[in-house]
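Each remark here refers to the structure printed beneath this line.
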Amino acid sequence: MGTDSVDSETITRDALSGGDLYAEAAVAAPHSPAEPFLGTEAIPPSQIADAGMPIPPEGWQSDRTRKSRQVGMIVAVSIATVLIAMVVFVWFVRTWDRGAASADAASAVTTADSADAAANDIANANAIAPEVDAVEPTTPPMPSPVSNPPPGRDPSEDAPSDDVVPSPDDNPPGVNSGDINGNPADAGPMPAEIASVASSNTSSNDIPTDLLPVDPLGPIVDVNRDAAAPVADDGMSKLDEIPPELRKFTVLLDLGRETNETKPTIQTPPTLDKLKVENAAEETLDPMMIATPPAAINLDRALALKFAMNSKGYPLGDLVLLFSQLSGVPIQIDWMSLDMAQISIRERVPTARGFLSAREHLEQLGTSIGATIQFDQSFAMITMEETEFAKRIEPVLQLDDFGDDRAAAISVLGKFLQNDAEAQPGTVKIGKALAEQQLAVLAFESLRRMRGIEGKLQDQFLSRWAHAANSTTGPWPVLAGGDSGPTLDAPITIAELLRRVSRKNQATCMVNWFDARRRRLSPEQLVMPYVKDDAGKMLSTLLQPFEMQVRRVDDSLWWVGTEATYDRLLLVVWSEPLGDRRDAFIQQVSEVMAARAEEGGRITYDAVSDRVMMLLPRYIVGQLSKIQT
């Protein structure tokens, strides 16, 4: 202490030595008075763990909190960037429009103030003054100078008539009416040559507002179209002396010249009266379904399903739907062939006994009705055997009941069937194909009814494929109303649903599986419709995704297919006695079908009944009333 130097290291060493001595004394006397003075450590140095580095900043927050803050920061920065970009874009658009308008105004002022342009205008006026002296000014002296009109003022407001142009006071801003150089103090009388030019329909440096409006899409200022045309000199109008480059624009003046009376060269479009017949519905099929057609069905495996039936008889149409439901194979019925053979699809047919496969059940079914089963890679078809079909239709193709008009009947039928080979005397040549035989049956029966002869084919089979043109029972309307059945508690197949609902309404349902198959609608497709609606609305909603409809053929038959297929189903129809309208009616029908030759169509006149027999698509038959004159 004091002036002596202090060695801190020596003091520290002495303190440590003294602490050890006191520590040994504390062991001998735990309650020594020196212990509180020196102090003790609560935890021995050997038990103190090294804390290491301090806790980093990220250790004070969890990963979730850190990520939330980062996402919030990114969102805030993105929103701010978008708002700034929008503000900049709006500012840019407004500045661009304002700059364009300013540039146009400045260009107009600069042009008007240019001394060279004014000098050129005076020279041009002096040059053409002798040629336009046909119009004499009423007031040769120039009016006293006035101030320039305010911007936006219409020069035509000061014009007293269409034959007098605006006064020089109406020049654009920056051009003084007193002096071409802008010196109003030097204003004086206007020379006669300049006055003549000023009294014409337009000035040399102004564009008429009726020819080039500011807004091309806006209204055009009306002009007086009754003004007198320029006086022609020596048989030639002054407009003919305009340079060829500008002469093509004179048609815009509409001064009563022949150029404005040019007839249009574009052919007038046809009126609505000529477009009487509507086209058939177009086939709408998803391109993906065309690119990826449904896979072929393994008929051997699908028809190997065995089951037994205990029934005294089942309607043919319902039985086919049941087989399709169980096997999953679409089974098509050749409906027209069965009708021509007078086999009703509502007729009950016996079922085979015992456990048989689905194929065996189908074969037994075909044997019982004289039909055959044809199998394809994706469906099965029930159709008539050729020999059995020819046997059943033979009585219909006899001509004995035509009596004395048999020769005329053979001629009409031969023309309608359009066979290349000539028939033997007293007979009609009929092809061997099934479609040709079906058409022959329809033609023979239609001619009988045209001539008032009793038919050999019952109306219930014929009316679906041939009837009078004005028949009200011919079309198949879309199903409306009907009982939809009880509420379903589980999905069922589409084949079972159609069978249930049709039987609930005392009808049999026929499905065109050609249309359904192309749209991926299979018999085992599971559905669960909303049955609170009537049958028509329920089925329409159910089949709408497949673009199919349920049509009511009659009180006991329904047909399921597309509108495009229905419109193109061919139908044999005959007209009423035509009389004097015969040639016109035949010509109109022929013209309509000539434009639709790919859809097939025939028409033949029968002189005995004064009617025509026609083969037309159903959509044309529904519009025959439009074709008749």
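Chain lettering (A, B, ...) mirrors the order of the structure tokens, residue numbering begins at 1 for each chain separately, and ligand numbering begins at 1 in order of display.
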
Sorted by chain and rising residue number, which residues of stretch 366-478 of chain A lie within 12 Å of stretch 599-604 of chain A, and what are their closest atom pairs and distances in Å to one decimal, counting only C-alpha atoms, as a tab-separated table?
```
residue	atom	partner	partner_atom	distance
A:Ala409	CA	A:Thr604	CA	11.3
A:Ser411	CA	A:Thr604	CA	10.0
A:Val412	CA	A:Thr604	CA	6.8
A:Leu413	CA	A:Thr604	CA	8.5
A:Gly414	CA	A:Thr604	CA	9.7
A:Lys415	CA	A:Thr604	CA	6.8
A:Phe416	CA	A:Thr604	CA	5.8
A:Leu417	CA	A:Arg602	CA	8.7
A:Gln418	CA	A:Arg602	CA	9.0
A:Leu439	CA	A:Arg602	CA	11.6
A:Ala443	CA	A:Thr604	CA	10.7
A:Ser446	CA	A:Thr604	CA	12.0
A:Leu447	CA	A:Thr604	CA	10.7
```

Rows by chain and residue number, stretch 303-322 of chain A within 7 Å of stretch 328-348 of chain A, shortest pair, only C-alpha atoms, as CSV:
```
residue,atom,partner,partner_atom,distance
A:Gly313,CA,A:Arg348,CA,5.1
A:Tyr314,CA,A:Arg348,CA,4.6
A:Pro315,CA,A:Arg348,CA,4.2
A:Leu316,CA,A:Ile345,CA,4.9
A:Gly317,CA,A:Ile345,CA,5.3
A:Val320,CA,A:Ile331,CA,6.5
```
